[in-house]
>>> print(open('structure.cif').read())   # mmCIF, C-alpha atoms
data_my_file
loop_
_atom_site.label_atom_id
_atom_site.label_comp_id
_atom_site.auth_asym_id
_atom_site.auth_seq_id
_atom_site.Cartn_x
_atom_site.Cartn_y
_atom_site.Cartn_z
CA MET Q 1023 216.70 74.17 -82.30
CA PHE Q 1024 217.77 74.49 -78.67
CA LEU Q 1025 216.15 76.57 -75.94
CA LEU Q 1026 218.79 77.53 -73.37
CA PRO Q 1027 216.66 77.72 -70.22
CA ALA Q 1028 217.12 79.70 -67.03
CA SER Q 1029 217.48 76.37 -65.17
CA GLN Q 1030 220.59 75.40 -67.19
CA ASP Q 1031 219.00 72.00 -67.87
CA ARG Q 1032 221.97 69.63 -68.20
CA ASN Q 1033 220.15 67.48 -70.76
CA VAL Q 1034 219.87 70.47 -73.11
CA TYR Q 1035 223.60 71.20 -72.89
CA LEU Q 1036 224.45 67.54 -73.41
CA GLU Q 1037 222.36 67.44 -76.59
CA LEU Q 1038 223.78 70.75 -77.79
CA GLY Q 1039 227.30 69.40 -77.28
CA ILE Q 1040 226.45 66.36 -79.39
CA ALA Q 1041 225.19 68.62 -82.19
CA ILE Q 1042 228.40 70.67 -82.01
CA GLY Q 1043 230.55 67.53 -82.13
CA LEU Q 1044 228.63 66.24 -85.13
CA GLY Q 1045 228.91 69.59 -86.92
CA SER Q 1046 225.11 69.79 -87.25
CA PRO Q 1047 223.44 73.19 -87.85
CA PHE Q 1048 221.41 74.53 -84.98
CA PHE Q 1049 219.47 77.58 -83.87
CA LEU Q 1050 219.87 78.81 -80.28
CA VAL Q 1051 217.07 80.49 -78.36
CA GLN Q 1052 218.25 81.96 -75.06
CA HIS Q 1053 215.63 82.47 -72.35
CA HIS Q 1054 215.68 86.08 -71.21
CA GLU Q 1055 216.62 84.99 -67.68
CA ALA Q 1056 219.20 82.38 -68.71
CA ASP Q 1057 222.82 82.73 -67.65
CA ILE Q 1058 224.69 80.69 -70.26
CA PRO Q 1059 228.25 79.34 -69.91
CA PRO Q 1060 230.90 81.75 -71.28
CA VAL Q 1061 232.08 79.04 -73.70
CA LEU Q 1062 228.95 79.75 -75.79
CA ASP Q 1063 229.29 83.54 -75.86
CA ALA Q 1064 230.68 83.59 -79.40
CA LEU Q 1065 227.66 81.79 -80.88
CA SER Q 1066 224.78 83.76 -82.35
CA ARG Q 1067 221.60 83.41 -80.31
CA TYR Q 1068 218.05 84.70 -80.32
CA THR Q 1069 217.81 86.61 -77.05
CA LYS Q 1070 215.11 89.25 -77.53
CA GLY Q 1071 212.08 89.50 -75.30
CA GLY Q 1072 210.38 86.83 -73.27
CA LEU Q 1073 206.89 86.46 -74.78
CA PHE Q 1074 206.39 83.35 -76.89
CA ARG Q 1075 203.97 85.15 -79.22
CA THR Q 1076 206.65 87.72 -80.08
CA MET Q 1077 209.27 85.02 -80.38
CA ARG Q 1078 207.19 83.07 -82.89
CA LYS Q 1079 206.87 86.06 -85.20
CA GLU Q 1080 210.52 87.10 -85.01
CA LEU Q 1081 211.96 83.59 -85.13
CA ALA Q 1082 209.99 82.71 -88.25
CA GLY Q 1083 211.78 85.45 -90.17
CA GLN Q 1084 215.24 84.53 -88.87
CA ILE Q 1085 214.84 80.82 -89.57
CA GLU Q 1086 213.69 81.53 -93.13
CA ASP Q 1087 216.92 83.51 -93.61
CA TYR Q 1088 218.92 80.53 -92.30
CA ASP Q 1089 220.40 82.57 -89.46
CA PHE Q 1090 221.81 79.47 -87.77
CA GLY Q 1091 224.61 79.24 -85.23
CA VAL Q 1092 226.55 76.75 -87.34
CA VAL Q 1093 229.92 75.41 -86.19
CA HIS Q 1094 231.96 75.31 -89.40
CA PHE Q 1095 235.41 74.57 -87.95
CA ILE Q 1096 234.48 70.99 -87.12
CA THR Q 1097 235.78 69.72 -90.49
CA ASP Q 1098 239.30 71.08 -89.97
CA LEU Q 1099 240.21 69.35 -86.72
CA PRO Q 1100 243.68 67.85 -86.04
CA PRO Q 1101 244.15 64.06 -85.90
CA ALA Q 1102 242.17 62.38 -83.13
CA GLY Q 1103 244.16 61.52 -80.02
CA SER Q 1104 247.31 63.12 -81.39
CA GLN Q 1105 248.44 64.74 -78.12
CA PRO Q 1106 249.71 62.99 -74.91
CA GLN Q 1107 247.01 64.50 -72.72
CA TYR Q 1108 243.60 63.79 -71.29
CA LEU Q 1109 240.73 65.98 -70.17
CA ILE Q 1110 239.44 65.70 -66.62
CA THR Q 1111 236.30 67.52 -65.48
CA GLY Q 1112 235.36 67.74 -61.83
CA GLY Q 1113 232.04 69.37 -62.64
CA GLY Q 1114 232.52 72.81 -61.12
CA LEU Q 1115 231.79 71.50 -57.62
CA ILE Q 1116 233.48 72.33 -54.33
CA GLU Q 1117 235.00 68.82 -54.45
CA ASP Q 1118 236.74 69.36 -57.80
CA GLU Q 1119 240.23 69.35 -56.30
CA ASP Q 1120 239.61 66.06 -54.51
CA PHE Q 1121 238.05 64.43 -57.57
CA GLU Q 1122 240.72 65.55 -60.00
CA GLY Q 1123 243.56 64.91 -57.55
CA SER Q 1124 242.45 61.34 -56.87
CA ILE Q 1125 242.40 60.52 -60.57
CA THR Q 1126 245.60 62.31 -61.56
CA ASP Q 1127 247.51 60.70 -58.67
CA ALA Q 1128 246.33 57.24 -59.71
CA LEU Q 1129 247.00 57.70 -63.41
CA GLY Q 1130 250.24 59.61 -62.93
CA SER Q 1131 252.08 56.64 -61.51
CA SER Q 1132 251.00 54.25 -64.27
CA TYR Q 1133 250.97 56.64 -67.23
CA PRO Q 1134 253.58 59.33 -66.52
CA HIS Q 1135 253.76 60.27 -70.20
CA LEU Q 1136 250.20 61.65 -70.13
CA GLN Q 1137 249.34 65.16 -68.99
CA ALA Q 1138 246.06 65.74 -67.16
CA VAL Q 1139 244.33 69.01 -68.07
CA SER Q 1140 241.18 70.21 -66.32
CA LEU Q 1141 238.23 71.78 -68.11
CA ASN Q 1142 238.96 75.09 -66.35
CA GLN Q 1143 242.51 75.03 -67.69
CA VAL Q 1144 241.33 74.42 -71.24
CA LEU Q 1145 238.90 77.33 -71.06
CA GLY Q 1146 241.48 79.51 -69.32
CA ILE Q 1147 243.89 79.37 -72.25
CA SER Q 1148 243.92 82.67 -74.11
CA SER Q 1149 244.00 82.42 -77.89
CA GLY Q 1150 243.14 85.42 -80.02
CA ALA Q 1151 242.62 83.29 -83.11
CA LYS Q 1152 240.13 80.85 -81.58
CA THR Q 1153 236.97 81.10 -79.50
CA LEU Q 1154 236.65 79.21 -76.22
CA LEU Q 1155 234.34 76.74 -77.93
CA GLU Q 1156 236.83 76.10 -80.72
CA GLN Q 1157 239.57 75.55 -78.14
CA LEU Q 1158 237.39 73.07 -76.25
CA VAL Q 1159 236.42 71.08 -79.34
CA GLU Q 1160 240.02 70.91 -80.54
CA PHE Q 1161 241.29 69.84 -77.11
CA ILE Q 1162 238.73 67.04 -76.85
CA GLN Q 1163 239.59 65.93 -80.38
CA THR Q 1164 243.35 65.78 -79.81
CA SER Q 1165 243.27 64.29 -76.29
CA ARG Q 1166 243.66 60.55 -75.76
CA PHE Q 1167 240.46 60.42 -73.71
CA ALA Q 1168 238.31 62.38 -71.25
CA ILE Q 1169 237.01 61.66 -67.76
CA TYR Q 1170 233.75 63.33 -66.71
CA ARG Q 1171 232.09 63.59 -63.35
CA VAL Q 1172 228.37 63.55 -64.14
CA ASP Q 1173 226.52 64.22 -60.89
CA LYS Q 1174 223.35 66.17 -61.65
CA GLU Q 1175 224.83 69.18 -59.84
CA CYS Q 1176 227.86 69.35 -62.16
CA SER Q 1177 228.13 72.41 -64.39
CA ALA Q 1178 226.32 72.86 -67.70
CA THR Q 1179 229.76 73.27 -69.31
CA THR Q 1180 230.69 69.76 -68.14
CA PHE Q 1181 227.72 68.25 -69.97
CA LEU Q 1182 228.37 70.39 -73.04
CA ALA Q 1183 231.90 68.95 -73.15
CA LEU Q 1184 230.56 65.42 -72.62
CA GLY Q 1185 228.20 65.91 -75.55
CA ILE Q 1186 231.09 67.11 -77.72
CA SER Q 1187 233.03 63.93 -76.86
CA ILE Q 1188 230.01 61.87 -77.91
CA GLY Q 1189 229.53 63.82 -81.14
CA LEU Q 1190 233.22 63.55 -82.06
CA ASP Q 1191 233.19 59.83 -81.18
CA ARG Q 1192 236.09 60.30 -78.77
CA PRO Q 1193 236.66 57.88 -75.83
CA PHE Q 1194 235.58 58.91 -72.34
CA LEU Q 1195 234.68 57.63 -68.91
CA MET Q 1196 231.74 58.84 -66.83
CA MET Q 1197 231.64 58.58 -63.06
CA HIS Q 1198 229.57 59.96 -60.23
CA ARG Q 1199 229.38 59.91 -56.46
CA SER Q 1200 227.32 57.05 -55.03
CA ASN Q 1201 223.74 57.96 -54.10
CA ARG Q 1202 223.85 61.11 -56.24
CA GLU Q 1203 221.47 61.64 -59.14
CA VAL Q 1204 222.58 62.00 -62.76
CA PRO Q 1205 220.70 63.81 -65.57
CA LEU Q 1206 217.89 61.88 -67.23
CA ASN Q 1207 219.56 61.51 -70.63
CA ILE Q 1208 222.49 59.48 -69.30
CA ARG Q 1209 220.64 57.26 -66.84
CA GLY Q 1210 221.04 53.60 -67.70
CA ILE Q 1211 224.40 54.17 -69.41
CA GLY Q 1212 227.38 52.43 -67.85
CA MET Q 1213 229.32 54.61 -65.45
CA TYR Q 1214 231.48 54.13 -62.38
CA GLN Q 1215 230.03 55.03 -58.97
CA PHE Q 1216 232.56 55.89 -56.29
CA PRO Q 1217 231.68 56.11 -52.56
CA ASN Q 1218 234.62 58.37 -51.64
CA PHE Q 1219 237.78 59.77 -53.14
CA VAL Q 1220 240.13 57.25 -51.52
CA THR Q 1221 238.21 54.42 -53.18
CA LEU Q 1222 238.17 56.34 -56.45
CA GLU Q 1223 241.97 56.64 -56.43
CA ASN Q 1224 242.45 52.98 -55.50
CA GLU Q 1225 239.96 51.52 -57.99
CA ILE Q 1226 239.91 53.68 -61.10
CA ILE Q 1227 242.67 51.86 -62.99
CA LEU Q 1228 241.66 48.41 -61.80
CA ARG Q 1229 238.04 48.88 -62.86
CA HIS Q 1230 238.93 50.44 -66.22
CA GLN Q 1231 242.12 48.59 -67.11
CA ASN Q 1232 240.97 47.64 -70.62
CA PHE Q 1233 240.05 51.25 -71.33
CA PHE Q 1234 243.43 52.57 -70.23
CA ASN Q 1235 245.30 49.78 -72.03
CA ARG Q 1236 243.61 50.90 -75.23
CA TYR Q 1237 243.70 54.69 -74.94
CA ALA Q 1238 246.44 55.66 -72.45
CA GLY Q 1239 249.37 53.85 -74.05
#
>>> encode(input="structure.cif", output="structure tokens")
Amino acid sequence: MFLLPASQDRNVYLELGIAIGLGSPFFLVQHHEADIPPVLDALSRYTKGGLFRTMRKELAGQIEDYDFGVVHFITDLPPAGSQPQYLITGGGLIEDEDFEGSITDALGSSYPHLQAVSLNQVLGISSGAKTLLEQLVEFIQTSRFAIYRVDKECSATTFLALGISIGLDRPFLMMHRSNREVPLNIRGIGMYQFPNFVTLENEIILRHQNFFNRYAG
């Protein structure tokens, strides 16, 4: 069970993404003041009222009826890493263009066969047969790898996508700006800290050469 809070707690979206990637059943409770990412609009959610006493009574009945927001499509995914592309997520920050440009410029010269696709591009693709969430899961599954900026200020959608990568067991890199905080649930996990975008462009391949040798070829 996940409570989608008004604060858009990044830890909650990370854990929800992991559940989606694993194909685990879940029940979503949306706080009455929460503004959730559009990628989740197609999922059923409990959204009535704001009083916990009322919620307890109504939720008990729904849970007994197994009214879960289950992601069933997870078992029918294409082969992992089957497309010459990678996902890059700037985090929905004003610096997205600089972050994504530094990485794509560096990787483009060494791996010209790979196409970089931003999270906004993935979610901007219109497909009448699939929801935005289905498109995102399939793109992460078929991409060679993903690169996530994980500053605490990055969007909830970024951490949802990161969780999906974890749940699907797909390769990814995490990086954040030096002296910026990251959400609690990923503290202590290895990630690259970059002081500026020039350094990021100059160092990303050198510092992650083994990763790119394995997944970018």
>>> residues_around(input="structure.cif", residues="Lys1174 in chain Q", least_positions_apart="4", cutoff="12 Å", atoms="only C-alpha atoms", output="compact mmCIF listing (two decimals) with C-alpha atoms, in the frame of the given file")
# COMPACT_ATOMS: atom_id res chain seq x y z
CA GLN Q 1030 220.59 75.40 -67.19
CA ASP Q 1031 219.00 72.00 -67.87
CA ARG Q 1032 221.97 69.63 -68.20
CA ASN Q 1033 220.15 67.48 -70.76
CA LEU Q 1036 224.45 67.54 -73.41
CA GLY Q 1113 232.04 69.37 -62.64
CA GLY Q 1114 232.52 72.81 -61.12
CA LEU Q 1115 231.79 71.50 -57.62
CA TYR Q 1170 233.75 63.33 -66.71
CA ALA Q 1178 226.32 72.86 -67.70
CA THR Q 1180 230.69 69.76 -68.14
CA PHE Q 1181 227.72 68.25 -69.97
CA MET Q 1197 231.64 58.58 -63.06
CA HIS Q 1198 229.57 59.96 -60.23
CA ARG Q 1199 229.38 59.91 -56.46
CA SER Q 1200 227.32 57.05 -55.03
CA ASN Q 1201 223.74 57.96 -54.10
CA ARG Q 1202 223.85 61.11 -56.24
CA GLU Q 1203 221.47 61.64 -59.14
CA VAL Q 1204 222.58 62.00 -62.76
CA PRO Q 1205 220.70 63.81 -65.57
CA LEU Q 1206 217.89 61.88 -67.23
CA ASN Q 1207 219.56 61.51 -70.63
CA ILE Q 1208 222.49 59.48 -69.30
CA ARG Q 1209 220.64 57.26 -66.84
>>> residues_around(input="structure.cif", residues="Gly1103 in chain Q", least_positions_apart="4", cutoff="12 Å", atoms="only C-alpha atoms", output="list of chain:residue names")
Q:Leu1099, Q:Gln1107, Q:Tyr1108, Q:Leu1109, Q:Leu1136, Q:Glu1160, Q:Phe1161, Q:Ile1162, Q:Gln1163, Q:Thr1164, Q:Ser1165, Q:Arg1166, Q:Phe1167, Q:Ala1168, Q:Ser1187, Q:Leu1190, Q:Asp1191, Q:Arg1192, Q:Pro1193, Q:Phe1194, Q:Arg1236, Q:Tyr1237, Q:Ala1238, Q:Gly1239
>>> closest_residue(input="structure.cif", among="Q:Arg1171, Q:Tyr1133, Q:Lys1152, Q:Leu1065", to="Gly1112 in chain Q", atoms="all atoms listed in the file")
Q:Arg1171
>>> atom_distance(input="structure.cif", atom1="CA of Arg1067 in chain Q", atom2="CA of Ala1151 in chain Q")
21.2 Å
>>> atom_distance(input="structure.cif", atom1="CA of Phe1024 in chain Q", atom2="CA of Ile1186 in chain Q")
15.3 Å
>>> resolve_selection(input="structure.cif", expression="the PyMOL selection byres ((chain Q and resi 1041) around 10)", output="ChimeraX atom specification")
/Q:1035-1040,1042-1048,1092-1093,1182,1185-1186,1188-1190
>>> write_last_selection(input="structure.cif", atoms="C-alpha atoms", output="mmCIF file, keeping the file's coordinate frame")
data_model
loop_
_atom_site.group_PDB
_atom_site.id
_atom_site.type_symbol
_atom_site.label_atom_id
_atom_site.label_comp_id
_atom_site.auth_asym_id
_atom_site.auth_seq_id
_atom_site.Cartn_x
_atom_site.Cartn_y
_atom_site.Cartn_z
ATOM 1 C CA TYR Q 1035 223.600 71.200 -72.890
ATOM 2 C CA LEU Q 1036 224.450 67.540 -73.410
ATOM 3 C CA GLU Q 1037 222.360 67.440 -76.590
ATOM 4 C CA LEU Q 1038 223.780 70.750 -77.790
ATOM 5 C CA GLY Q 1039 227.300 69.400 -77.280
ATOM 6 C CA ILE Q 1040 226.450 66.360 -79.390
ATOM 7 C CA ILE Q 1042 228.400 70.670 -82.010
ATOM 8 C CA GLY Q 1043 230.550 67.530 -82.130
ATOM 9 C CA LEU Q 1044 228.630 66.240 -85.130
ATOM 10 C CA GLY Q 1045 228.910 69.590 -86.920
ATOM 11 C CA SER Q 1046 225.110 69.790 -87.250
ATOM 12 C CA PRO Q 1047 223.440 73.190 -87.850
ATOM 13 C CA PHE Q 1048 221.410 74.530 -84.980
ATOM 14 C CA VAL Q 1092 226.550 76.750 -87.340
ATOM 15 C CA VAL Q 1093 229.920 75.410 -86.190
ATOM 16 C CA LEU Q 1182 228.370 70.390 -73.040
ATOM 17 C CA GLY Q 1185 228.200 65.910 -75.550
ATOM 18 C CA ILE Q 1186 231.090 67.110 -77.720
ATOM 19 C CA ILE Q 1188 230.010 61.870 -77.910
ATOM 20 C CA GLY Q 1189 229.530 63.820 -81.140
ATOM 21 C CA LEU Q 1190 233.220 63.550 -82.060
#
>>> atom_distance(input="structure.cif", atom1="CA of Gln1215 in chain Q", atom2="CA of Met1196 in chain Q")
8.9 Å
>>> closest_residue(input="structure.cif", among="Q:Asn1218, Q:Asn1232, Q:Ser1132, Q:Gln1052", to="Ala1028 in chain Q", atoms="all atoms listed in the file")
Q:Gln1052
>>> closest_residue(input="structure.cif", among="Q:Leu1155, Q:Cys1176, Q:Ile1169, Q:Val1139", to="Glu1117 in chain Q", atoms="only C-alpha atoms")
Q:Cys1176
>>> closest_residue(input="structure.cif", among="Q:Leu1050, Q:Leu1195, Q:Ala1064, Q:Ile1147", to="Ile1211 in chain Q", atoms="only C-alpha atoms")
Q:Leu1195
>>> closest_residue(input="structure.cif", among="Q:Thr1069, Q:Gln1143, Q:Gln1157, Q:Ser1131", to="Glu1223 in chain Q", atoms="only C-alpha atoms")
Q:Ser1131
>>> resolve_selection(input="structure.cif", expression="the PyMOL selection byres ((chain Q and resi 1053) around 7)", output="PyMOL selection string")
chain Q and resi 1025-1028+1051-1052+1054-1056+1069+1072
>>> axis_aligned_box(input="structure.cif", around="range 1189-1206 of chain Q", padding_each_side="4 Å", output="JSON")
{"center_x": 227.3, "center_y": 60.4, "center_z": -68.1, "size_x": 26.8, "size_y": 14.8, "size_z": 36.0}
